[in-house]
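Here's the structure, in C-alpha cells; my notes come after.
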Amino acid sequence: MLKCEKKPIKTTLLVAGPGFGKTTYLHEHAHLIQQRNEFSVHLSVDITEKKPHEFTKKVLGELSQVSTGQSISVLLDDVHHLSEKEFTFLFSTLVDKLSCDDHIYIACRRMPNISLIQPDTVEIRLLQEPELLEKTEGIWPLMFYMQQKNWHQANIENQLDQYLESQWGDTLQEKDLSSLSVLASFSEISESLWRNLAPNGLSLSYVWQEYRYLLPNIAQQGHYRWVPEARQYLHKRFPLTIDERRTILERAADFWLRHGSFQMLIDTLYDNHEELLTYHSIIIPLVVALIFTRRFHQARYIIEQMQDVSTENDHKEVINILSNTLALFTVDDEERVEPLASLENMKLKNSVIHCVALVVSAYQSFYQGKLDETARKARDALLYMNQRQQTYLASLTEMLLIACDKYRGYTAQAVQQLLMAFNSKEENTKDPSWQNYATGMIIMYYEKNDLKGAESICEKLMPHINNACSTEVIIHVYLYYARILDLTGNVEKSFEYLVRLQRFLSMGNYPRYQGKLVAERMRQAVAKNDLKSIQYLNEKFNIDSLEIDQNSLILDVRDYLSQTWAMQLLYESCYQDVIDLLQPLRDELLKHDYHVRALVAEAQIIVAHWYLGKRARSKILLKQAVQFYGWLLFNRTLFDEAPLIIPILSNLISMGELQPSKQYLSTYRNILFPRYATDADDITARYNELTNKEKEVLMLLAQGLSNQEIADDMAVAATTIKWHLKNIYRKLSLDSRSAAVAYMHRIQPSHLI
C-alpha cells in the first residue's frame, strides 16, 4: 500500500446507542464495497475478548491479505467494548497502515477519546443519533424496522422491553437514576428548564453522551428529546410517585408559563398526567395555555368541570378569573361576563393566577376605552410580574402600556420604551416575548416610513407567526406585511395574507381585529378603484348599516368600521355624510384620549371639507390639527388610512403655511412630494404630453369632483372620463386616483387653492 502525500484518510465514525442501525449501516456499506469488487475487512469486537491488542492483531491479519495498490475499507463494529488504550492503539495503527484511497468505518456506543479534527492524517465524518434518524423518518430505527416487517404491536413492545433491558438497563448507573426518572417525565426538555428543575443535576449533554437515548433536537438549539421507547422503559422500571410527578410538573408548568412555552406545557400535561389535572397549580397554567393558543373549547370544558366541583371561595375566584380571561377572546355582545372586581379584595394564593388577573383587568379597561386606568393597571402589573419573573406576561403587559402611551399621543415616550425593551431582548424568532416587542418594532418602523426595516422583521416572524401566543402579534404582523406587499407591488401575495387572516379570525370572536381587517381591505379597494371589492365588503360586513348599530359597539370596533364606511363615502363623493359620520366619532375618541385614532377621523373630515369647496375651513382645521396632535402623529399609517390628506398637507407646506422640521420632511418627502420623474423639467415634460382634455380632467379630478361630476362639467359620458383617466395614469406613471391628486398638487399647487 502506497502512502499519499498530504491527503487525509477518510473515516466515518458512527456513535449512537443500541438499536440505532449502526450494524445495519455497516452491512449495507460492506455489500456496496463487495459489489465494486474492492477489498474490505468487516469485524466486530467480542465483549469477552480481554487480551491487550488482540483485536488489533485480528484486523492487521486481515489486512495482510490485500494486494498492492488495492483500495481498502475497514468496517469495525461494537468498538465501545475496547478499552480507551486499546482503541487508541488500534486507530493510530490503522491510520499509519492505510493510504488516502482507503476508508475506515467505526461503530460504537460512546464517543471515542480521540480528536475529531486531525486534518493532516484523517478526515472524520461523524454520524450520531440525529443523523441516523433521518433515514427512518425520525423513528427509532429498531422500531422502524419492526414496523416495516409488520410485527404485531404487542410483540413489538415485548421485544423492545427485552432489548432495552439487555442492551441498556445494565448500563444505567445508580447515582444517575433519580435524574433520569425526572427527565423521563418530559418527552422534550430544554437546558434552561432542566437547570430550573435540577440546578445541581446532570447536564443534558452528559445524559446524551452517556446514555444515548436523550437526543439533541437539531431544529431547536438547547432542546433535547427522548426516544419514546426508552422513556417508556424508564417509566416502567423507575416510576415516580404521584407527589413527585406533581411537584416536578408544577415547577415545569410555572417555568413554561413564565416564558410563553404554551405548546410544550399543553403537550406535557396532557401526556399521561390526567390524574394531576385536579390541582390548581396544574390546571391554572394549562387553561391559560389553552386560551393563549386559541383552544377555546378545551379551555371552556375544563373551566366548566371546575365549576361542577367548586365549593371554596378561592376556587370560585380562580374560576371567575379564568372565565374573564376566556371572555376576552370569545364572548360576544349577547354573552358577557361580569368584569373582575377589585383585585385588592381577592385573596389569591397562586401567584400565576394573580398575574393573569392583573393582565385581564388591564385589558378589560383597555377595551372599555379607559386608557389612563389601563396605563395605571399595566404599570402595577408590570412591576408585580417582573418581581416574579413572569417574562411572557410581563412583555404582553409592557406592550399594552406602550400602546396606551401611543394612543394617547405620547409617541416619543412610547417609542423610547419600546426600543429599550426590544434591545434588551436577545433575538429569538420563536420566543413569544421577543415576538411581542418585534411586532411593536414593525409598527414603529412602518410609521417612520422605513418599509425595509418593517419588512425585515415581518419576514423573520412569518415562519413562526401561526404558532404565536399573542393574537395581537398575529393580527398586526399579517396586516402590516400585507400592506407592505401591496405598496411594493406584490398585490396577489398581499391579498393572500389578508385571506389567511380572515380565515384565522373566523376561528374566534374577534370584532376588534375584524374591524381592522375590513378597514385594510377597503383601503386597498379604494386605492385601486376596485368597485367590485368595495361593494363586496359593504354587503358582507353590512357597513352601510353601521349608523343604526354604532352606539352599541365597542369604541375601537366602531372606530374602524366607521373609518371603513368613510372611505366608501369619500369614494362616492358623499362628503357631508363623511363629516356627519366622523365628527361624533372623533369627539368620542378624544373623550377617551384616543388621539391617534381621533386624528384619522379628523383628517377625513378635513378632506371632506376640502372637496365640498370649503378650502379655507379645511386649511384652518388642518393647521389646528397639527398644533393639537403634533407632527409625530402625521405619519405613514395616517397617510395610508386617510390618503387624500396628503395633497392638502403638502400644498400647505409648499405654500409655507405649515413648516415641519427638516427631519420630518426628510422622513416623509417621498409621500408628501412624490417624484414621478427624475427632476422638475421631466415632471413638466410629462404633464405637457397630456392632451388639453386630459389636463382638464386631471384638474377637475384634483379639485375633488367625481367621474360623473367631471363628465357633467365637460358634457361627455362617464365612460369617456374613465378612458381619459386610464391614459393619464399611463402617461404619468400613476396607479391610483389619490396619486393623481397628489401629482397635480405638486405640479400646479397654486391652481388648486
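Lettering and numbering for the C-alpha cells are positional, with chains as A, B, ... in the shown order, residues counted from 1 in each chain, and ligands counted from 1 in the shown order.
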Handout entry: Spatial neighbours of Glu157 in chain A, max dist 12 Å, only C-alpha atoms, sep filter under 2 positions, as a PyMOL selection string
Key = chain A and resi 142-143+146-147+151-155+159-164+228-230+232-233
Go ahead and dump the residues you just picked, N, CA and C atoms, as a PDB file, in the first residue's frame.
```pdb
ATOM      1  N   LEU A 142     -34.761   0.676  15.349  1.00  0.00           N
ATOM      2  CA  LEU A 142     -35.192  -0.675  15.702  1.00  0.00           C
ATOM      3  C   LEU A 142     -36.709  -0.799  15.585  1.00  0.00           C
ATOM      4  N   MET A 143     -37.432   0.204  16.100  1.00  0.00           N
ATOM      5  CA  MET A 143     -38.889   0.230  15.978  1.00  0.00           C
ATOM      6  C   MET A 143     -39.306   0.325  14.507  1.00  0.00           C
ATOM      7  N   MET A 146     -38.983  -3.022  12.734  1.00  0.00           N
ATOM      8  CA  MET A 146     -40.026  -3.942  13.184  1.00  0.00           C
ATOM      9  C   MET A 146     -41.358  -3.611  12.515  1.00  0.00           C
ATOM     10  N   GLN A 147     -41.663  -2.333  12.429  1.00  0.00           N
ATOM     11  CA  GLN A 147     -42.912  -1.929  11.782  1.00  0.00           C
ATOM     12  C   GLN A 147     -42.891  -2.251  10.292  1.00  0.00           C
ATOM     13  N   TRP A 151     -44.716  -6.416  12.299  1.00  0.00           N
ATOM     14  CA  TRP A 151     -44.837  -7.115  13.573  1.00  0.00           C
ATOM     15  C   TRP A 151     -46.098  -6.643  14.294  1.00  0.00           C
ATOM     16  N   HIS A 152     -46.683  -7.519  15.068  1.00  0.00           N
ATOM     17  CA  HIS A 152     -47.830  -7.145  15.896  1.00  0.00           C
ATOM     18  C   HIS A 152     -47.357  -6.199  16.996  1.00  0.00           C
ATOM     19  N   GLN A 153     -48.196  -5.192  17.330  1.00  0.00           N
ATOM     20  CA  GLN A 153     -47.787  -4.158  18.273  1.00  0.00           C
ATOM     21  C   GLN A 153     -47.403  -4.741  19.629  1.00  0.00           C
ATOM     22  N   ALA A 154     -48.158  -5.740  20.110  1.00  0.00           N
ATOM     23  CA  ALA A 154     -47.841  -6.337  21.406  1.00  0.00           C
ATOM     24  C   ALA A 154     -46.482  -7.022  21.370  1.00  0.00           C
ATOM     25  N   ASN A 155     -46.196  -7.700  20.265  1.00  0.00           N
ATOM     26  CA  ASN A 155     -44.886  -8.349  20.125  1.00  0.00           C
ATOM     27  C   ASN A 155     -43.767  -7.321  20.070  1.00  0.00           C
ATOM     28  N   GLN A 159     -40.655  -7.193  22.701  1.00  0.00           N
ATOM     29  CA  GLN A 159     -39.295  -7.315  22.189  1.00  0.00           C
ATOM     30  C   GLN A 159     -38.450  -6.089  22.540  1.00  0.00           C
ATOM     31  N   LEU A 160     -39.067  -4.914  22.443  1.00  0.00           N
ATOM     32  CA  LEU A 160     -38.324  -3.685  22.757  1.00  0.00           C
ATOM     33  C   LEU A 160     -37.958  -3.640  24.232  1.00  0.00           C
ATOM     34  N   ASP A 161     -38.894  -4.025  25.106  1.00  0.00           N
ATOM     35  CA  ASP A 161     -38.592  -4.046  26.540  1.00  0.00           C
ATOM     36  C   ASP A 161     -37.435  -4.990  26.837  1.00  0.00           C
ATOM     37  N   GLN A 162     -37.474  -6.174  26.233  1.00  0.00           N
ATOM     38  CA  GLN A 162     -36.389  -7.137  26.442  1.00  0.00           C
ATOM     39  C   GLN A 162     -35.065  -6.616  25.885  1.00  0.00           C
ATOM     40  N   TYR A 163     -35.145  -5.978  24.723  1.00  0.00           N
ATOM     41  CA  TYR A 163     -33.921  -5.447  24.103  1.00  0.00           C
ATOM     42  C   TYR A 163     -33.300  -4.356  24.976  1.00  0.00           C
ATOM     43  N   LEU A 164     -34.122  -3.424  25.430  1.00  0.00           N
ATOM     44  CA  LEU A 164     -33.602  -2.330  26.259  1.00  0.00           C
ATOM     45  C   LEU A 164     -33.072  -2.851  27.590  1.00  0.00           C
ATOM     46  N   PRO A 228     -38.953   7.689  22.427  1.00  0.00           N
ATOM     47  CA  PRO A 228     -40.153   7.358  23.225  1.00  0.00           C
ATOM     48  C   PRO A 228     -40.070   6.000  23.911  1.00  0.00           C
ATOM     49  N   GLU A 229     -39.507   5.001  23.224  1.00  0.00           N
ATOM     50  CA  GLU A 229     -39.460   3.668  23.788  1.00  0.00           C
ATOM     51  C   GLU A 229     -38.548   3.617  25.020  1.00  0.00           C
ATOM     52  N   ALA A 230     -37.448   4.351  24.993  1.00  0.00           N
ATOM     53  CA  ALA A 230     -36.545   4.394  26.142  1.00  0.00           C
ATOM     54  C   ALA A 230     -37.201   5.124  27.308  1.00  0.00           C
ATOM     55  N   GLN A 232     -40.436   5.260  27.920  1.00  0.00           N
ATOM     56  CA  GLN A 232     -41.429   4.346  28.487  1.00  0.00           C
ATOM     57  C   GLN A 232     -40.767   3.275  29.359  1.00  0.00           C
ATOM     58  N   TYR A 233     -39.609   2.830  28.928  1.00  0.00           N
ATOM     59  CA  TYR A 233     -38.869   1.835  29.701  1.00  0.00           C
ATOM     60  C   TYR A 233     -38.513   2.393  31.077  1.00  0.00           C
TER      61      TYR A 233
END
```
Considering only C-alpha atoms, return as a PDB file with C-alpha atoms, in the first residue's frame whatever protein or nucleic-acid residues lie within 12 Å of Gln305 in chain A, sequence-local ones (same chain, fewer than 5 positions apart) excluded.
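Written output follows (result_24.pdb):
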```pdb
ATOM      1  CA  LEU A 277     -55.489  17.783  36.427  1.00  0.00           C
ATOM      2  CA  THR A 278     -57.373  18.262  39.697  1.00  0.00           C
ATOM      3  CA  ILE A 283     -54.989  23.416  35.982  1.00  0.00           C
ATOM      4  CA  VAL A 287     -56.159  26.690  30.995  1.00  0.00           C
ATOM      5  CA  GLN A 298     -60.970  22.831  25.581  1.00  0.00           C
ATOM      6  CA  ALA A 299     -60.408  25.712  27.996  1.00  0.00           C
ATOM      7  CA  ARG A 300     -64.143  26.200  28.447  1.00  0.00           C
ATOM      8  CA  SER A 310     -66.335  24.238  43.159  1.00  0.00           C
ATOM      9  CA  ILE A 319     -62.841  30.200  38.032  1.00  0.00           C
TER      10      ILE A 319
END
```
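Nearest residue to Ile620 in chain A among A:Leu632, A:Leu652, A:Ile579, A:Leu202 is A:Leu652, counting only C-alpha atoms.
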Could you pull the residues within 6 Å of Gly515 in chain A, counting only C-alpha atoms, minus those fewer than 6 positions along the same chain, as a short mmCIF file (atom, residue, chain, number, x, y, z; two decimals) with C-alpha atoms, in the first residue's frame?
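The result, written out as result15.cif:
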```cif
data_model
loop_
_atom_site.label_atom_id
_atom_site.label_comp_id
_atom_site.auth_asym_id
_atom_site.auth_seq_id
_atom_site.Cartn_x
_atom_site.Cartn_y
_atom_site.Cartn_z
CA VAL A 557 -64.74 48.46 16.72
CA TYR A 560 -62.51 51.02 12.40
CA LEU A 561 -65.91 50.22 10.91
#
```
List every residue of range 415-525 of chain A that has an atom at most 12 Å from any atom of range 394-411 of chain A, and for each one report the closest atom pair and its distance in Å to one decimal, counting only C-alpha atoms, with rows sorted by chain and then by increasing residue number, as a tab-separated table.
```
residue	atom	partner	partner_atom	distance
A:Val415	CA	A:Thr411	CA	6.1
A:Gln416	CA	A:Thr411	CA	8.6
A:Gln417	CA	A:Ile402	CA	7.1
A:Leu418	CA	A:Ile402	CA	6.9
A:Leu419	CA	A:Ile402	CA	10.6
A:Met420	CA	A:Glu398	CA	11.3
A:Ala421	CA	A:Ser395	CA	8.5
A:Phe422	CA	A:Ser395	CA	9.9
A:Ser424	CA	A:Ser395	CA	11.6
A:Lys425	CA	A:Ser395	CA	10.4
A:Asp431	CA	A:Ser395	CA	11.0
A:Pro432	CA	A:Ser395	CA	8.7
A:Ser433	CA	A:Ser395	CA	5.5
A:Trp434	CA	A:Ser395	CA	8.2
A:Gln435	CA	A:Ser395	CA	9.4
A:Asn436	CA	A:Leu396	CA	6.7
A:Tyr437	CA	A:Met399	CA	7.0
A:Ala438	CA	A:Met399	CA	10.3
A:Thr439	CA	A:Met399	CA	9.5
A:Gly440	CA	A:Met399	CA	7.5
A:Met441	CA	A:Met399	CA	10.7
A:Ile443	CA	A:Ala403	CA	10.9
A:Met444	CA	A:Thr411	CA	9.8
A:Glu447	CA	A:Thr411	CA	10.8
A:Lys448	CA	A:Thr411	CA	11.5
A:Cys469	CA	A:Leu396	CA	10.0
A:Ser470	CA	A:Leu396	CA	8.0
A:Thr471	CA	A:Leu396	CA	10.8
A:Glu472	CA	A:Leu396	CA	9.6
A:Val473	CA	A:Leu396	CA	10.0
```
Using N, CA and C atoms, can you export the residues from the last selection as a PDB file, in the first residue's frame?
```
ATOM      1  N   VAL A 415     -42.127  55.193  21.938  1.00  0.00           N
ATOM      2  CA  VAL A 415     -41.019  54.710  21.101  1.00  0.00           C
ATOM      3  C   VAL A 415     -39.792  54.422  21.953  1.00  0.00           C
ATOM      4  N   GLN A 416     -39.488  55.311  22.891  1.00  0.00           N
ATOM      5  CA  GLN A 416     -38.320  55.126  23.752  1.00  0.00           C
ATOM      6  C   GLN A 416     -38.442  53.849  24.584  1.00  0.00           C
ATOM      7  N   GLN A 417     -39.618  53.619  25.163  1.00  0.00           N
ATOM      8  CA  GLN A 417     -39.807  52.418  25.990  1.00  0.00           C
ATOM      9  C   GLN A 417     -39.741  51.154  25.133  1.00  0.00           C
ATOM     10  N   LEU A 418     -40.319  51.210  23.922  1.00  0.00           N
ATOM     11  CA  LEU A 418     -40.283  50.057  23.026  1.00  0.00           C
ATOM     12  C   LEU A 418     -38.853  49.718  22.630  1.00  0.00           C
ATOM     13  N   LEU A 419     -38.068  50.721  22.280  1.00  0.00           N
ATOM     14  CA  LEU A 419     -36.676  50.485  21.875  1.00  0.00           C
ATOM     15  C   LEU A 419     -35.867  49.878  23.017  1.00  0.00           C
ATOM     16  N   MET A 420     -36.070  50.384  24.226  1.00  0.00           N
ATOM     17  CA  MET A 420     -35.345  49.833  25.377  1.00  0.00           C
ATOM     18  C   MET A 420     -35.700  48.374  25.600  1.00  0.00           C
ATOM     19  N   ALA A 421     -37.001  48.062  25.510  1.00  0.00           N
ATOM     20  CA  ALA A 421     -37.448  46.684  25.740  1.00  0.00           C
ATOM     21  C   ALA A 421     -36.945  45.757  24.641  1.00  0.00           C
ATOM     22  N   PHE A 422     -37.038  46.197  23.395  1.00  0.00           N
ATOM     23  CA  PHE A 422     -36.633  45.354  22.260  1.00  0.00           C
ATOM     24  C   PHE A 422     -35.130  45.105  22.273  1.00  0.00           C
ATOM     25  N   SER A 424     -33.185  45.062  24.739  1.00  0.00           N
ATOM     26  CA  SER A 424     -32.755  44.273  25.900  1.00  0.00           C
ATOM     27  C   SER A 424     -32.987  42.777  25.701  1.00  0.00           C
ATOM     28  N   LYS A 425     -33.742  42.409  24.658  1.00  0.00           N
ATOM     29  CA  LYS A 425     -34.049  41.005  24.397  1.00  0.00           C
ATOM     30  C   LYS A 425     -33.114  40.453  23.322  1.00  0.00           C
ATOM     31  N   ASP A 431     -39.287  32.982  20.371  1.00  0.00           N
ATOM     32  CA  ASP A 431     -39.564  33.424  21.738  1.00  0.00           C
ATOM     33  C   ASP A 431     -40.788  34.343  21.738  1.00  0.00           C
ATOM     34  N   PRO A 432     -41.883  33.971  22.421  1.00  0.00           N
ATOM     35  CA  PRO A 432     -43.091  34.801  22.402  1.00  0.00           C
ATOM     36  C   PRO A 432     -42.865  36.219  22.910  1.00  0.00           C
ATOM     37  N   SER A 433     -41.982  36.390  23.879  1.00  0.00           N
ATOM     38  CA  SER A 433     -41.711  37.742  24.384  1.00  0.00           C
ATOM     39  C   SER A 433     -41.039  38.582  23.300  1.00  0.00           C
ATOM     40  N   TRP A 434     -40.061  38.003  22.606  1.00  0.00           N
ATOM     41  CA  TRP A 434     -39.397  38.737  21.517  1.00  0.00           C
ATOM     42  C   TRP A 434     -40.403  39.049  20.419  1.00  0.00           C
ATOM     43  N   GLN A 435     -41.314  38.120  20.136  1.00  0.00           N
ATOM     44  CA  GLN A 435     -42.332  38.358  19.113  1.00  0.00           C
ATOM     45  C   GLN A 435     -43.201  39.562  19.470  1.00  0.00           C
ATOM     46  N   ASN A 436     -43.538  39.699  20.763  1.00  0.00           N
ATOM     47  CA  ASN A 436     -44.354  40.844  21.190  1.00  0.00           C
ATOM     48  C   ASN A 436     -43.655  42.162  20.882  1.00  0.00           C
ATOM     49  N   TYR A 437     -42.399  42.266  21.304  1.00  0.00           N
ATOM     50  CA  TYR A 437     -41.664  43.512  21.088  1.00  0.00           C
ATOM     51  C   TYR A 437     -41.359  43.732  19.599  1.00  0.00           C
ATOM     52  N   ALA A 438     -41.067  42.645  18.879  1.00  0.00           N
ATOM     53  CA  ALA A 438     -40.760  42.761  17.453  1.00  0.00           C
ATOM     54  C   ALA A 438     -41.964  43.300  16.681  1.00  0.00           C
ATOM     55  N   THR A 439     -43.163  42.902  17.079  1.00  0.00           N
ATOM     56  CA  THR A 439     -44.366  43.410  16.418  1.00  0.00           C
ATOM     57  C   THR A 439     -44.499  44.913  16.631  1.00  0.00           C
ATOM     58  N   GLY A 440     -44.194  45.361  17.836  1.00  0.00           N
ATOM     59  CA  GLY A 440     -44.185  46.804  18.084  1.00  0.00           C
ATOM     60  C   GLY A 440     -43.171  47.519  17.205  1.00  0.00           C
ATOM     61  N   MET A 441     -42.014  46.884  16.981  1.00  0.00           N
ATOM     62  CA  MET A 441     -40.984  47.482  16.130  1.00  0.00           C
ATOM     63  C   MET A 441     -41.447  47.565  14.678  1.00  0.00           C
ATOM     64  N   ILE A 443     -44.478  48.120  13.636  1.00  0.00           N
ATOM     65  CA  ILE A 443     -45.358  49.292  13.556  1.00  0.00           C
ATOM     66  C   ILE A 443     -44.540  50.574  13.631  1.00  0.00           C
ATOM     67  N   MET A 444     -43.531  50.610  14.512  1.00  0.00           N
ATOM     68  CA  MET A 444     -42.704  51.813  14.645  1.00  0.00           C
ATOM     69  C   MET A 444     -41.957  52.103  13.349  1.00  0.00           C
ATOM     70  N   GLU A 447     -44.458  53.337  10.651  1.00  0.00           N
ATOM     71  CA  GLU A 447     -44.937  54.705  10.843  1.00  0.00           C
ATOM     72  C   GLU A 447     -43.861  55.734  10.512  1.00  0.00           C
ATOM     73  N   LYS A 448     -42.588  55.345  10.716  1.00  0.00           N
ATOM     74  CA  LYS A 448     -41.481  56.244  10.371  1.00  0.00           C
ATOM     75  C   LYS A 448     -41.074  56.125   8.905  1.00  0.00           C
ATOM     76  N   CYS A 469     -48.194  33.192  20.472  1.00  0.00           N
ATOM     77  CA  CYS A 469     -49.125  33.136  21.603  1.00  0.00           C
ATOM     78  C   CYS A 469     -50.111  34.296  21.569  1.00  0.00           C
ATOM     79  N   SER A 470     -49.641  35.457  21.170  1.00  0.00           N
ATOM     80  CA  SER A 470     -50.466  36.658  21.225  1.00  0.00           C
ATOM     81  C   SER A 470     -51.257  36.843  19.930  1.00  0.00           C
ATOM     82  N   THR A 471     -52.579  36.968  20.072  1.00  0.00           N
ATOM     83  CA  THR A 471     -53.420  37.244  18.905  1.00  0.00           C
ATOM     84  C   THR A 471     -53.069  38.598  18.313  1.00  0.00           C
ATOM     85  N   GLU A 472     -52.719  39.557  19.171  1.00  0.00           N
ATOM     86  CA  GLU A 472     -52.304  40.879  18.692  1.00  0.00           C
ATOM     87  C   GLU A 472     -51.117  40.760  17.745  1.00  0.00           C
ATOM     88  N   VAL A 473     -50.159  39.892  18.079  1.00  0.00           N
ATOM     89  CA  VAL A 473     -48.984  39.700  17.233  1.00  0.00           C
ATOM     90  C   VAL A 473     -49.401  39.170  15.872  1.00  0.00           C
TER      91      VAL A 473
END
```
Exercise for the section: Check range 186-393 of chain A with DSSP on the backbone and list each residue it calls strand (DSSP E), as a list in words. Expected result: Glu188, Ile189, Ser190, Leu214, Leu215, Pro216, His223, Tyr224, Arg225 and Trp226 of chain A
Okay, now the selection with N, CA and C atoms, as a short mmCIF file (atom, residue, chain, number, x, y, z; two decimals), in the first residue's frame?
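again-v4.cif written:
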```cif
data_model
loop_
_atom_site.label_atom_id
_atom_site.label_comp_id
_atom_site.auth_asym_id
_atom_site.auth_seq_id
_atom_site.Cartn_x
_atom_site.Cartn_y
_atom_site.Cartn_z
N GLU A 188 -39.83 16.07 25.80
CA GLU A 188 -38.81 17.01 25.33
C GLU A 188 -38.52 18.00 26.44
N ILE A 189 -37.28 18.41 26.55
CA ILE A 189 -36.90 19.32 27.63
C ILE A 189 -35.78 20.22 27.16
N SER A 190 -35.77 21.43 27.66
CA SER A 190 -34.72 22.40 27.30
C SER A 190 -33.70 22.48 28.43
N LEU A 214 -31.48 10.24 25.05
CA LEU A 214 -31.96 11.62 25.15
C LEU A 214 -31.16 12.41 24.13
N LEU A 215 -31.79 12.84 23.06
CA LEU A 215 -31.07 13.34 21.89
C LEU A 215 -31.26 14.85 21.72
N PRO A 216 -30.25 15.54 21.20
CA PRO A 216 -30.42 16.97 20.89
C PRO A 216 -31.40 17.15 19.74
N HIS A 223 -32.47 22.19 23.08
CA HIS A 223 -33.57 21.30 23.43
C HIS A 223 -33.17 19.85 23.16
N TYR A 224 -33.64 18.97 24.02
CA TYR A 224 -33.37 17.54 23.88
C TYR A 224 -34.70 16.78 23.92
N ARG A 225 -34.76 15.64 23.23
CA ARG A 225 -35.98 14.83 23.22
C ARG A 225 -35.63 13.36 23.41
N TRP A 226 -36.52 12.67 24.06
CA TRP A 226 -36.32 11.25 24.34
C TRP A 226 -36.68 10.40 23.13
#
```
Fill in the blank from the handout: Nearest to Thr667 in chain A, restricted to only C-alpha atoms and choosing among A:Leu451, A:Ile554, A:Ile728, A:Leu461, comes out as A:Leu451
Practice task
Could you please determine the separation between CA of Ile710 in chain A and CA of Arg615 in chain A in Å, to one decimal place?
Solution key: 19.0 Å
Handout entry: For Leu698 in chain A: contacts at 8 Å, only C-alpha atoms, fewer than 4 positions along chain excluded, given as a PyMOL selection string
Key = chain A and resi 694+702+725+728+740-741+744
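Shortest atom-to-atom contact with Glu38 in chain A among A:Thr719, A:Gln364, A:Ser71, A:Gln708: A:Ser71, counting only C-alpha atoms.
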Handout entry: range 253-269 of chain A surroundings by only C-alpha atoms, 6 Å radius, close-in-sequence under 4 positions cut, as a ChimeraX atom specification
Key = /A:249,273,289,390-392,432
Expected file contents, prior selection, C-alpha atoms, as a tab-separated table (two decimals), in the first residue's frame:
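Writing the result to selection-v7.tsv gives the following:
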```tsv
chain	number	residue	atom	x	y	z
A	249	LEU	CA	-44.83	19.29	36.73
A	273	HIS	CA	-50.78	13.10	33.53
A	289	ALA	CA	-52.01	27.99	27.84
A	390	GLN	CA	-43.20	36.19	34.57
A	391	THR	CA	-41.34	37.04	31.36
A	392	TYR	CA	-44.07	36.45	28.80
A	432	PRO	CA	-43.09	34.80	22.40
```
